[in-house]
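Report on one structure; see the data block that follows.
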Amino acid sequence: MPFIPHTENDVQAMLAAIGINSIDELFDEIPGELRIHDLPEIPAAINEMEITRLMYERAARDQSPLCFIGAGAYEHHIPAAVWQVATRGEFYSSYTPYQAEASQGTLQLIYEYQTMMTGLTGMDVSNASLYDGASALSEAVLMGIRANRKSRGKRILMPTSVNPVYRACTHGIVKNQGVELIEVPYSRDTGLTALEALERHDGEDIAALVVQQPNFFGSLEEVDALTDWAHANNALLIAVVNPMALAVLKPPGQWGGQGADIACGDGQPLGAPLSSGGPYYGFMCCKEAHVRQMPGRIVGRTVDADGRQGFVLTLQAREQHIRRSKATSNICTNQGLVVTASTIYMAIMGPEGLFRTAAASHANTRTLLQRLVSIAGVERVFAGPFFHEAVLRLNRPVQDVLAAMADEGVLGGYALGKDYPELGEALLVCATETKTEADLDRYAAALSRALSD
Amino acid sequence: MPFIPHTENDVQAMLAAIGINSIDELFDEIPGELRIHDLPEIPAAINEMEITRLMYERAARDQSPLCFIGAGAYEHHIPAAVWQVATRGEFYSSYTPYQAEASQGTLQLIYEYQTMMTGLTGMDVSNASLYDGASALSEAVLMGIRANRKSRGKRILMPTSVNPVYRACTHGIVKNQGVELIEVPYSRDTGLTALEALERHDGEDIAALVVQQPNFFGSLEEVDALTDWAHANNALLIAVVNPMALAVLKPPGQWGGQGADIACGDGQPLGAPLSSGGPYYGFMCCKEAHVRQMPGRIVGRTVDADGRQGFVLTLQAREQHIRRSKATSNICTNQGLVVTASTIYMAIMGPEGLFRTAAASHANTRTLLQRLVSIAGVERVFAGPFFHEAVLRLNRPVQDVLAAMADEGVLGGYALGKDYPELGEALLVCATETKTEADLDRYAAALSRALSD
Amino acid sequence: MLIFEHSLEGRHTASQMPTAVDGQSAAAALEDIPAGQLRKSKPLLPEVSELQAVRHYTRLSQRNFSIDTEFYPLGSCTMKYNPRACNSLAMLPGFLGRHPYAPPRFSQGFMQILFELQEMLKAVTGMRGVSLTPMAGAQGEFAGVAMIRAYHEARGDNTRDEILVPDAAHGTNPATAIMCGYKVREIPTDAEGDVDLEALRNAVGPQTAGIMLTNPSTLGVFERRIREIASIVHQAGGLLYYDGANLNAILGKVRPGDMGFDVIHMNLHKTFSTPHGGGGPGSGAVGVSERLLPFLPVPIVGKVNKEDRVLTLKDPAIAGQAEAFRWLDEKDLPQSIGRLSGFMGNAGILLRAYIYMRMLGRQGMPRVADYATLNANYLMARLTRQGFDAAFPKRRATHEFILTLKRQAKTLGVNTMAFAKRLLDKGFHAPTTYFPLLVPECLLIEPTETESKQELDRFVDAMCEVLREAEASPELVTSAPHSLPVRRLDDVRAAKDLDLTWSAAG
Amino acid sequence: MLIFEHSLEGRHTASQMPTAVDGQSAAAALEDIPAGQLRKSKPLLPEVSELQAVRHYTRLSQRNFSIDTEFYPLGSCTMKYNPRACNSLAMLPGFLGRHPYAPPRFSQGFMQILFELQEMLKAVTGMRGVSLTPMAGAQGEFAGVAMIRAYHEARGDNTRDEILVPDAAHGTNPATAIMCGYKVREIPTDAEGDVDLEALRNAVGPQTAGIMLTNPSTLGVFERRIREIASIVHQAGGLLYYDGANLNAILGKVRPGDMGFDVIHMNLHKTFSTPHGGGGPGSGAVGVSERLLPFLPVPIVGKVNKEDRVLTLKDPAIAGQAEAFRWLDEKDLPQSIGRLSGFMGNAGILLRAYIYMRMLGRQGMPRVADYATLNANYLMARLTRQGFDAAFPKRRATHEFILTLKRQAKTLGVNTMAFAKRLLDKGFHAPTTYFPLLVPECLLIEPTETESKQELDRFVDAMCEVLREAEASPELVTSAPHSLPVRRLDDVRAAKDLDLTWSAAG
Ligand SMILES: Cc1ncc(COP(=O)(O)O)c(C=O)c1O
Ligand SMILES: Cc1ncc(COP(=O)(O)O)c(C=O)c1O
């Protein structure tokens with residue numbers, strides 16, 4: 001019996017202690033007509049040896065193409081130590097640290113994590129994670145509405161340069177509470193949120209303005225102006241940021257005159273493998289004044305009976321297990337293990353490692369772009385500064401080109417046609433620090449061939 | 001600087017504390033003419049990201065052929081838990097447990113290992129490992145000479161059915177001490193050590209007789225008779241055994257009337273991956289009377305100052321660090337981590353798991369043999385019982401056949417021609433429990449094609 | 001020590017620095033970015049060597065209790081063995097390296113796994129469709145209630161604004177209802193732990209969007225009149241939501257679909273043994289009955305034939321088809337409640353659940369329920385015999401059960417919290433305390449099927465020891481723990497003098 | 001508890017049982033084996049669940065000190081950081097699955113690594129040839145001395161029957177000489193820690209096969225007159241053996257080959273940071289000068305051209321050649337001392353050493369020596385200033401140095417053993433104690449280059465604390481340890497009442 005340690009003797013002794021004759025009697029409170037006695041659709045058990053072989057085969061079937069897709073998930077080198085330490089049994093198989101004295105490992109780690117995230121974002125406080133970047137944005141929007149005492153409505157300005165899946169996800173989550181997401185268009189020249197478009201909302205009751213930096217096109221928004229506009233209009237500023245980018249870019253806490261009010265995003269670039277989209281984690285930081293509106297676990301430092309430093313979950317009165325229907329969110333389980341890995345990642349990489357990783361990724365993308373625009377039929381779509389990702393326009397259908405490149409084992413980027421048909425045959429491209437000169441050459445050669453076929 | 005944590009400030013402070021101006025001064029006792037200042041042949045450093053990619057490429061280059069080679073190294077399924085637990089930092093990065101109180105983890109584990117190995121072999125005591133099976137046999141031979149009070153010479157009977165590399169290795173190691181290895185031929189019918197040949201040595205001064213079970217051909221020696229012959233002739237009996245086989249075969253401790261005196265072998269089948277030949281580990285067990293002649297670490301149970309159970313390295317007066325030139329062996333570092341993994345492997349598999357693994361391996365090999373001998377040009381070489389490995393004779397040159405099978409990604413076995421030219425085109429074949437019906441079919445089909453080409 | 005206290009200006013791990021750009025040219029690499037966009041000072045991150053980081057976090061890990069080191073009978077959390085193979089196989093390079101937007105030709109192996117997982121989850125729950133995208137139980141709940149809402153709205157039934165929730169429900173249930181824009185009405189529990197049917201009948205009406213139920217409930221008993229509840233709610237036009245946190249108790253025994261539920265979430269990180277990881281990640285896959293199929297969150301893995309027609313398992317043609325899998329999205333399910341995450345959910349966790357389910361297999365599923373229930377009932381029998389009070393002594397325990405220490409708290413002055421802390425000293429993680437809220441001074445105990453009788457017996461011994469200590473020297477218990485890295489921590493101070501991040505100043 | 005105490009008759013881990021054969025037919029699977037050959041009763045192995053095994057060994061592991069958890073300044077053992085990437089990359093499935101007898105076409109990736117490793121080791125040691133097959137330092141020593149013997153024998157020089165070994169030598173040196181059939185003659189050390197040259201001159205003669213030296217010696221000092229020693233021994237017709245345990249101290253600074261050594265072994269598990277694994281495995285690769293090349297143990301990886309001619313790195317043609325690697329064996333090296341292992345040595349350890357060396361690279365090698373030496377000298381300076389006595393106060397420390405507690409043992413009654421045990425209480429692994437034997441009450445301290453100044457400072461603090469305790473309350477120190485899982489263990493009883501295996505009887 002897989003994973004069941006009972007011997008026949010054990011079972012007999014246990015039944016006797018309970019005072020019954022068979023295990024089946026334990027289910028006698030279940031109405032008989034509801035009971036089932038087989039699960040014919042479930043395949044018979046296979047052992048670890050067999051599932052091992054099966055999983056190797058399935059993993060191998062998907063090969064390992066050379067990947068230049070970013071679009072919200074970025075391939076970075078992860079030191080081997082990160083996941084070897086994170087998957088130690090004591091981290092891997094423990095629960096949410098409710099019993100603080102028996103969970104100091106996880107609790108201290110989260111406290112350190114919170115410190116690192118506030119360091120990166122320039123914000124005051126951080127929670128212990130949400131599910132992912134997209135759902136973190138929905139929580140940020142709901143939090144922004146709660147936190148903005150000056151706004152009575154539920155109107156949020158949402159630029160179209162924000163990741164379209166994040167927008168869709170946020171819409172799906174917040175619409176049930178009557179929140180309105182108002183689109184703000186981007187400039188077709190620069191790819192940036194148009195200040196003019198924003199000014200159309202001057203003086204309106206807006207709970208918050210969302211700004212993604214770098215935005216979905218990789219372009220760098222004019223965050224200072226946007227933030228100041230928001231504050232001038234009594235709106236909060238919600239920053240959606242790539243935490244790796246923050247190793248080089250101005251942190252949200254320093255945007256404009258007062259800084260962003262909430263910063264969130266996806267922690268994936270900090271130590272989580274691509275892994276088909278998850279598990280990653282959503283992070284969220286805010287100004288101290290808003291901490292009681294923040295969803296998710298928060299760890300605080302305190303002392304024990306002897307005055308020694310120790311760590312506990314704190315401000316639990318925000319959470320569903322205490323406040324139930326009045327909680328800031330329904331979140332319970334978060335993405336703890338990925339946060340564990342990410343904390344170890346940040347500790348190993350340090351400020352210098354993150355800085356160089358971000359810089360190398362940016363340099364690689366820029367080098368790639370330079371090579372590609374020299375190919376006939378390839379041009380950059382947006383002028384202006386970007387970070388480690390940018391949009392190209394091709395003179396052939398993007399899907400055909402990507403298919404041809406895939407034949408050579410190269411994933412050429414993310415096709416923007418579905419979400420931004422107005423951009424024509426547009427392709428979002430990213431080359432992180434994992435790419436070598438030879439990789440960039442391989443991309444350029446594959447693209448040339450695909451376009452000249 | 002890879003792996004060096006010093007900052008420039010640290011270095012300055014440390015130099016000041018030492019009272020020097022540069023690190024280079026620390027080397028001023030080395031004669032100047034001996035100093036070198038560059039290592040031009042060493043390639044420049046690469047980072048972890050680069051070595052990772054390089055190692056993936058090299059590993060992939062060697063593919064993963066379907067392997068039916070045994071010949072001393074056997075492919076068995078290893079539960080994932082085994083190496084995940086064994087490579088925990090506390091096991092992986094600790095030294096030999098000299099400081100017992102700070103090494104109870106490793107020490108208790110070895111005590112458990114010793115118990116398991118005596119359980120498998122039916123012997124009284126076990127050491128904590130030697131390097132591998134081949135070198136363990138050399139140590140056993142030297143030990144046998146020391147332990148046999150009735151023999152004054154250094155003559156060892158070494159059947160040719162013993163693994164030829166083990167014999168060569170033993171010869172190389174013991175010859176310097178004037179030990180003579182006397183060959184005992186095998187029967188061409190059965191592949192077994194010929195009792196008649198042995199009887200030619202009746203009454204001679206023989207320190208020990210070596211018996212491998214199953215022998216190199218996979219055949220089962222008549223261990224009872226051989227053991228009794230040895231004891232009747234005042235020789236010790238050194239058993240070389242596959243520990244996995246001992247889950248089903250009579251343990252050396254029960255061979256003949258009195259049992260083997262020393263049992264050794266390679267622990268690889270118990271949880272060590274094939275891994276190109278190592279690290280494996282050599283195990284050695286013996287009768288209690290001989291324990292002071294045993295080489296290698298031994299762990300004993302004792303009590304601490306409060307009377308609590310604890311574990312220590314014991315009988316160290318046998319070892320080089322205490323006895324120096326009078327030690328039983330020069331061994332110091334052994335194969336600790338593999339023993340750790342192996343102990344966890346045995347604990348997870350238990351007696352039932354080992355029994356079924358051994359039985360399944362045997363059944364698979366037998367099934368394979370049945371299929372193969374129905375192919376024209378294939379026959380079994382030896383009659384009589386075997387365990388999970390056996391010899392086939394082909395009607396074509398073995399090397400050609402193996403090369404043709406390799407073209408199909410199948411490693412067909414171990415060619416015996418180099419070591420046993422008298423057997424003709426002979427091939428040693430093994431199919432462990434890792435092989436499926438489909439795998440056996442694939443082998444049979446590849447062999448048919450290779451022979452009919 | 002905190003990792004920051006190991007930090008030293010200018011230290012870094014050289015072997016982890018990327019290639020292309022060295023210290024100097026990193027600045028050059030950024031020259032095209034306007035200075036105003038750049039960070040001025042380096043972020044507060046630790047500057048330590050790799051060894052320092054490894055040592056620090058290895059040591060920290062040792063300050064945790066975990067399944068791998070202790071019995072962890074935390075009720076409602078199903079802390080069963082997390083097989084190590086699930087971890088290593090889910091972390092094969094091929095899986096880790098796959099970009100979520102990799103095209104189908106580089107994804108068939110992965111997608112086949114997800115498809116089979118969907119089918120297996122349908123089979124064990126008796127539902128008609130499954131979406132794997134919710135990233136934890138609470139998000140599954142959100143998806144479920146959002147589907148209930150979408151269903152009513154699609155029918156133009158816009159008056160329903162209330163979700164019913166038993167008072168014993170987990171906090172995520174009412175919180176979820178609110179997130180979906182509903183009001184919450186609590187339904188009381190009767191003396192035997194079942195939903196108070198009278199109260200339910202009085203509560204339902206045209207305002208009822210649905211009810212959220214856990215069965216077995218969080219009280220550790222099976223809701224016997226579930227069919228009646230279903231018909232009361234259905235007749236009022238509401239739908240039934242099943243909180244699957246307790247699925248472990250009934251796996252292969254009874255299916256939510258057969259009980260009459262319209263929508264359920266599963267906690268794969270409980271029932272299907274993906275790790276809790278010190279707080280997550282989990283997976284809250286949702287299943288639905290026929291009528292909610294159109295509303296499932298996307299993406300879902302579909303099996304298609306050559307003409308790209310989506311096949312279902314019931315499709316007689318499917319067996320003969322060359323297998324091909326593709327994502328079903330908003331185009332395929334135009335009424336979908338949409339997306340809940342940036343990509344497709346916690347893929348790596350789904351792989352682990354798949355591996356575990358394949359190793360359990362058809363025969364293994366009901367055994368989970370058998371032995372989880374046997375262990376709970378055995379513990380309940382032994383502990384009540386030793387003088388502990390069960391909350392529902394006349395009921396069968398399911399996979400978990402409740403003790404109440406009300407009597408001890410009163411007579412000895414030792415409350416549940418103190419009792420729990422003292423258990424830590426004995427090397428056992430404490431059961432869930434003070435949940436569900438309606439049973440005073442309660443311990444919710446869930447041993448799971450992967451613990452042996454011997455471990456349970458040791459736990460009983462420890463419980464009895466603490467009880468004797470509480471009688472003989474209560475201050476020993478109330479001041480526990482004594483043998484952990486820290487003694488009792490001051491929660492009040494933590495919430496009052498907020499200290500949420502470290503700073504060099506201290 | 002012992003794992004056997006968790007065991008219960010008839011329990012097994014079902015998910016690990018092989019497929020083909022179930023319980024019943026396992027017996028049938030063996031029907032062709034005569035009953036007399038079969039085992040009658042099952043072996044004493046634990047019968048536990050996978051969770052029980054994982055929990056037991058995870059908890060056991062926590063009872064170890066290790067580099068990953070503590071500073072571990074164990075002299076002569078080079079307990080530096082073992083990079084985690086070395087482990088994970090050496091354990092890639094492609095490497096783990098390769099059978100040692102896989103044909104060359106399935107081995108080029110692996111063999112290229114070994115070839116490059118051989119070349120790198122030649123370069124850092126200044127030797128002409130390298131064999132990777134010895135499985136630890138002691139086996140490397142054996143190989144080395146066996147080559148010396150083979151060399152003399154090949155020249156018909158059969159009178160040489162003595163190996164010289166300084167009195168400070170590691171125990172493996174004399175033990176090895178004996179294993180090779182030699183007699184051992186000890187050479188004394190002078191007051192400054194160098195070999196007593198006078199004594200050496202008197203000792204050499206036609207009976208001298210060679211000398212085994214460690215340089216830096218085990219006394220933590222560099223043997224300054226090494227060239228003189230070399231010429232004395234060479235002139236007597238003996239060869240020089242270099243024990244490479246201390247190579248860390250001189251990496252990229254000075255090479256054994258240049259010092260005049262004929263043969264050396266390296267401890268890859270020290271200098272090149274493969275893990276010690278609680279006792280092993282290691283690798284004792286050997287290097288030789290020109291004259292010993294023919295005697296190297298096999299197998300060795302050779303690079304061959306199309307005609308299967310073995311190329312060397314010096315070969316001008318090599319660059320242009322399509323790379324192909326094959327094993328060189330007894331056929332290629334007919335004078336080889338032969339094989340030392342069943343296959344080719346500890347392959348997985350060699351992979352780790354290769355990975356580490358590539359990450360160090362040309363620039364990283366001398367830095368190892370720089371910082372290992374800096375750390376040792378810093379510790380020596382600080383500790384002597386705090387009142388500890390260095391054994392060789394006038395000498396530079398190399399990568400390690402010796403303190404002697406002779407004075408403290410006499411005046412305070414606190415010996416080195418007690419001192420060491422008390423250090424464990426402070427969270428530091430003890431330095432090597434009572435080795436080398438000729439320095440009374442000694443501590444051999446080797447910090448390694450991967451420890452930070454901050455860690456060293458904490459160690460100094462701990463040493464001073466223990467010293468103060470030894471002065472103020474010596475019994476606190478002599479009865480240490482106090483805070484570990486066990487207190488001082490009774491070695492004498494262990495050796496007297498031998499208890500080497502568990503049995504149910506107890
Ligand atoms: C009964 C019950 N419902 C819902 C949940 C929420 O699940 P999750 O933590 O995965 O969001 C839990 C988990 O604690 C639970 O116990
Ligand atoms: C100086 C010296 N020589 C030789 C050895 C033996 O090396 P190994 O333990 O690898 O056999 C050691 C290891 O302890 C040593 O310190």
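Residue numbering restarts at 1 for every chain of the structure tokens, chains are lettered A, B, ... in their displayed order, and ligands are numbered from 1 as they appear.
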Would you give me, as a JSON list (two decimals) with N, CA, C and O atoms, in the first residue's frame, the residues of chain D that come within 6 Å of chain A, using only C-alpha atoms?
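Output saved as part.json:
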[["chain", "number", "residue", "atom", "x", "y", "z"],
["D", 11, "ARG", "N", 6.25, -4.83, 7.28],
["D", 11, "ARG", "CA", 6.01, -3.51, 6.68],
["D", 11, "ARG", "C", 6.97, -3.30, 5.50],
["D", 11, "ARG", "O", 8.13, -3.67, 5.58],
["D", 14, "ALA", "N", 5.53, 0.25, -0.47],
["D", 14, "ALA", "CA", 4.97, -0.34, -1.68],
["D", 14, "ALA", "C", 5.43, 0.35, -2.95],
["D", 14, "ALA", "O", 5.66, -0.31, -3.97],
["D", 15, "SER", "N", 5.58, 1.65, -2.91],
["D", 15, "SER", "CA", 5.93, 2.36, -4.14],
["D", 15, "SER", "C", 7.34, 2.05, -4.61],
["D", 15, "SER", "O", 7.73, 2.45, -5.70],
["D", 16, "GLN", "N", 8.10, 1.36, -3.78],
["D", 16, "GLN", "CA", 9.47, 1.02, -4.18],
["D", 16, "GLN", "C", 9.60, -0.45, -4.58],
["D", 16, "GLN", "O", 10.70, -0.89, -4.92],
["D", 49, "SER", "N", 8.46, 2.50, 6.77],
["D", 49, "SER", "CA", 7.90, 3.21, 5.62],
["D", 49, "SER", "C", 8.93, 4.21, 5.11],
["D", 49, "SER", "O", 9.89, 4.53, 5.80],
["D", 84, "ARG", "N", 27.77, 23.83, -4.18],
["D", 84, "ARG", "CA", 26.61, 22.98, -4.43],
["D", 84, "ARG", "C", 26.45, 22.64, -5.91],
["D", 84, "ARG", "O", 25.89, 21.61, -6.26],
["D", 85, "ALA", "N", 26.94, 23.51, -6.78],
["D", 85, "ALA", "CA", 26.84, 23.22, -8.21],
["D", 85, "ALA", "C", 27.66, 21.98, -8.56],
["D", 85, "ALA", "O", 27.31, 21.22, -9.46]]
Subject >> Interface residues on chain D facing chain C, 10 Å, only C-alpha atoms, written as a PyMOL selection string >> reply: chain D and resi 6-8+14-16+48-60+62+66-71+80-84+92-93+359-360+450-452+454-455
Could you write out that same residue set with C-alpha atoms as a PDB file, in the first residue's frame?
ATOM      1  CA  HIS D   6      11.049   1.708  14.112  1.00  0.00           C
ATOM      2  CA  SER D   7      10.876  -1.606  12.309  1.00  0.00           C
ATOM      3  CA  LEU D   8       7.830  -3.825  12.257  1.00  0.00           C
ATOM      4  CA  ALA D  14       4.968  -0.343  -1.676  1.00  0.00           C
ATOM      5  CA  SER D  15       5.926   2.363  -4.143  1.00  0.00           C
ATOM      6  CA  GLN D  16       9.466   1.018  -4.181  1.00  0.00           C
ATOM      7  CA  VAL D  48       9.872   0.882   7.837  1.00  0.00           C
ATOM      8  CA  SER D  49       7.899   3.207   5.616  1.00  0.00           C
ATOM      9  CA  GLU D  50       9.613   5.674   3.358  1.00  0.00           C
ATOM     10  CA  LEU D  51       8.465   8.486   5.645  1.00  0.00           C
ATOM     11  CA  GLN D  52       9.967   6.752   8.642  1.00  0.00           C
ATOM     12  CA  ALA D  53      13.267   6.340   6.844  1.00  0.00           C
ATOM     13  CA  VAL D  54      13.302   9.930   5.594  1.00  0.00           C
ATOM     14  CA  ARG D  55      12.394  11.273   9.012  1.00  0.00           C
ATOM     15  CA  HIS D  56      14.908   9.119  10.823  1.00  0.00           C
ATOM     16  CA  TYR D  57      17.846  10.031   8.607  1.00  0.00           C
ATOM     17  CA  THR D  58      16.869  13.670   8.297  1.00  0.00           C
ATOM     18  CA  ARG D  59      16.874  13.915  12.057  1.00  0.00           C
ATOM     19  CA  LEU D  60      20.129  12.011  12.316  1.00  0.00           C
ATOM     20  CA  GLN D  62      20.926  17.267  12.199  1.00  0.00           C
ATOM     21  CA  SER D  66      29.443  20.108   8.933  1.00  0.00           C
ATOM     22  CA  ILE D  67      30.879  22.839   6.766  1.00  0.00           C
ATOM     23  CA  ASP D  68      27.378  23.779   5.707  1.00  0.00           C
ATOM     24  CA  THR D  69      26.454  24.474   9.314  1.00  0.00           C
ATOM     25  CA  GLU D  70      29.642  25.307  11.260  1.00  0.00           C
ATOM     26  CA  PHE D  71      33.161  26.614  10.892  1.00  0.00           C
ATOM     27  CA  LYS D  80      36.460  24.472   2.587  1.00  0.00           C
ATOM     28  CA  TYR D  81      33.105  25.229   1.044  1.00  0.00           C
ATOM     29  CA  ASN D  82      31.890  22.424  -1.234  1.00  0.00           C
ATOM     30  CA  PRO D  83      30.083  24.320  -3.984  1.00  0.00           C
ATOM     31  CA  ARG D  84      26.607  22.979  -4.428  1.00  0.00           C
ATOM     32  CA  LEU D  92      23.071  14.935 -13.907  1.00  0.00           C
ATOM     33  CA  PRO D  93      21.206  11.845 -15.086  1.00  0.00           C
ATOM     34  CA  MET D 359      35.212  27.753 -11.773  1.00  0.00           C
ATOM     35  CA  LEU D 360      38.492  28.651 -10.080  1.00  0.00           C
ATOM     36  CA  THR D 450      36.438  30.184   2.147  1.00  0.00           C
ATOM     37  CA  GLU D 451      35.929  31.482   5.671  1.00  0.00           C
ATOM     38  CA  SER D 452      35.496  35.173   6.271  1.00  0.00           C
ATOM     39  CA  GLN D 454      34.261  37.756  10.648  1.00  0.00           C
ATOM     40  CA  GLU D 455      33.990  34.016  11.184  1.00  0.00           C
TER      41      GLU D 455
END
Original post:
Within 7 Å of ligand 2, counting only C-alpha atoms and all ligand atoms, which protein or nucleic acid residues do you find, written as a list in words?
Top reply: Ile331, Cys332 and Thr333 of chain B; Ser76, Cys77, Ala136, Gly137, Ala138, Gln139, Ala169, His170, Thr172, Asn173, Thr214, Thr218, Asp243, Gly244, Ala245, Asn246, Asn267, Gly282, Ser283 and Gly284 of chain D
Tell me, counting only C-alpha atoms and all ligand atoms, for each residue of chain A within 12 Å of ligand 1, which pair of atoms is nearest and how far apart they are in Å to one decimal, in rows ordered by chain and increasing number, as JSON lines.
{"residue": "A:Tyr95", "atom": "CA", "partner": "ligand 1", "partner_atom_place_in_ligand_line": "14 (O)", "distance": 9.7}
{"residue": "A:Thr96", "atom": "CA", "partner": "ligand 1", "partner_atom_place_in_ligand_line": "9 (O)", "distance": 9.0}
{"residue": "A:Tyr98", "atom": "CA", "partner": "ligand 1", "partner_atom_place_in_ligand_line": "14 (O)", "distance": 11.2}
{"residue": "A:Leu130", "atom": "CA", "partner": "ligand 1", "partner_atom_place_in_ligand_line": "11 (O)", "distance": 10.8}
{"residue": "A:Tyr131", "atom": "CA", "partner": "ligand 1", "partner_atom_place_in_ligand_line": "11 (O)", "distance": 10.1}
{"residue": "A:Gly296", "atom": "CA", "partner": "ligand 1", "partner_atom_place_in_ligand_line": "11 (O)", "distance": 11.0}
{"residue": "A:Arg297", "atom": "CA", "partner": "ligand 1", "partner_atom_place_in_ligand_line": "9 (O)", "distance": 11.7}
{"residue": "A:Glu319", "atom": "CA", "partner": "ligand 1", "partner_atom_place_in_ligand_line": "9 (O)", "distance": 11.8}
{"residue": "A:Gln320", "atom": "CA", "partner": "ligand 1", "partner_atom_place_in_ligand_line": "6 (C)", "distance": 9.6}
{"residue": "A:His321", "atom": "CA", "partner": "ligand 1", "partner_atom_place_in_ligand_line": "14 (O)", "distance": 8.8}
{"residue": "A:Arg324", "atom": "CA", "partner": "ligand 1", "partner_atom_place_in_ligand_line": "4 (C)", "distance": 11.7}
{"residue": "A:Ser329", "atom": "CA", "partner": "ligand 1", "partner_atom_place_in_ligand_line": "11 (O)", "distance": 10.9}
{"residue": "A:Asn330", "atom": "CA", "partner": "ligand 1", "partner_atom_place_in_ligand_line": "11 (O)", "distance": 7.7}
{"residue": "A:Ile331", "atom": "CA", "partner": "ligand 1", "partner_atom_place_in_ligand_line": "11 (O)", "distance": 5.8}
{"residue": "A:Cys332", "atom": "CA", "partner": "ligand 1", "partner_atom_place_in_ligand_line": "9 (O)", "distance": 4.3}
{"residue": "A:Thr333", "atom": "CA", "partner": "ligand 1", "partner_atom_place_in_ligand_line": "9 (O)", "distance": 3.7}
{"residue": "A:Asn334", "atom": "CA", "partner": "ligand 1", "partner_atom_place_in_ligand_line": "11 (O)", "distance": 7.3}
{"residue": "A:Gln335", "atom": "CA", "partner": "ligand 1", "partner_atom_place_in_ligand_line": "10 (O)", "distance": 10.1}
{"residue": "A:Gly336", "atom": "CA", "partner": "ligand 1", "partner_atom_place_in_ligand_line": "9 (O)", "distance": 11.4}
Take the residues from that selection and write them out as a compact mmCIF listing (two decimals), in the first residue's frame, keeping C-alpha atoms.
# COMPACT_ATOMS: atom_id res chain seq x y z
CA TYR A 95 3.22 24.34 7.07
CA THR A 96 2.50 28.02 7.37
CA TYR A 98 1.40 29.23 12.91
CA LEU A 130 0.78 36.47 -2.85
CA TYR A 131 0.18 33.96 -5.62
CA GLY A 296 -1.28 38.26 3.02
CA ARG A 297 0.97 37.10 5.82
CA GLU A 319 -6.50 37.91 7.72
CA GLN A 320 -9.35 35.55 6.90
CA HIS A 321 -8.68 33.11 9.71
CA ARG A 324 -13.36 36.02 8.18
CA SER A 329 -8.36 39.19 1.27
CA ASN A 330 -9.30 35.54 1.24
CA ILE A 331 -5.68 34.45 0.73
CA CYS A 332 -4.42 31.73 3.03
CA THR A 333 -1.80 29.47 1.45
CA ASN A 334 0.72 31.62 -0.43
CA GLN A 335 3.90 30.75 -2.35
CA GLY A 336 6.16 30.17 0.65
Original post:
If you run DSSP on the backbone, which residues of stretch 285-420 of chain D are helix (DSSP H, G or I), as a PyMOL selection string?
Top reply: chain D and resi 290-295+316-320+347-385+406-412+416-420
How close does each residue of stretch 80-154 of chain A get to stretch 238-256 of chain A, giving the shortest atom pair and distance in Å to one decimal for every residue with an atom at most 7 Å away, counting only C-alpha atoms, sorted by chain and residue number, as a Markdown table?
| residue | atom | partner | partner_atom | distance |
| --- | --- | --- | --- | --- |
| A:Leu120 | CA | A:Leu246 | CA | 6.0 |
| A:Thr121 | CA | A:Pro251 | CA | 4.8 |
| A:Gly122 | CA | A:Gly253 | CA | 4.3 |
| A:Met123 | CA | A:Gly253 | CA | 4.8 |
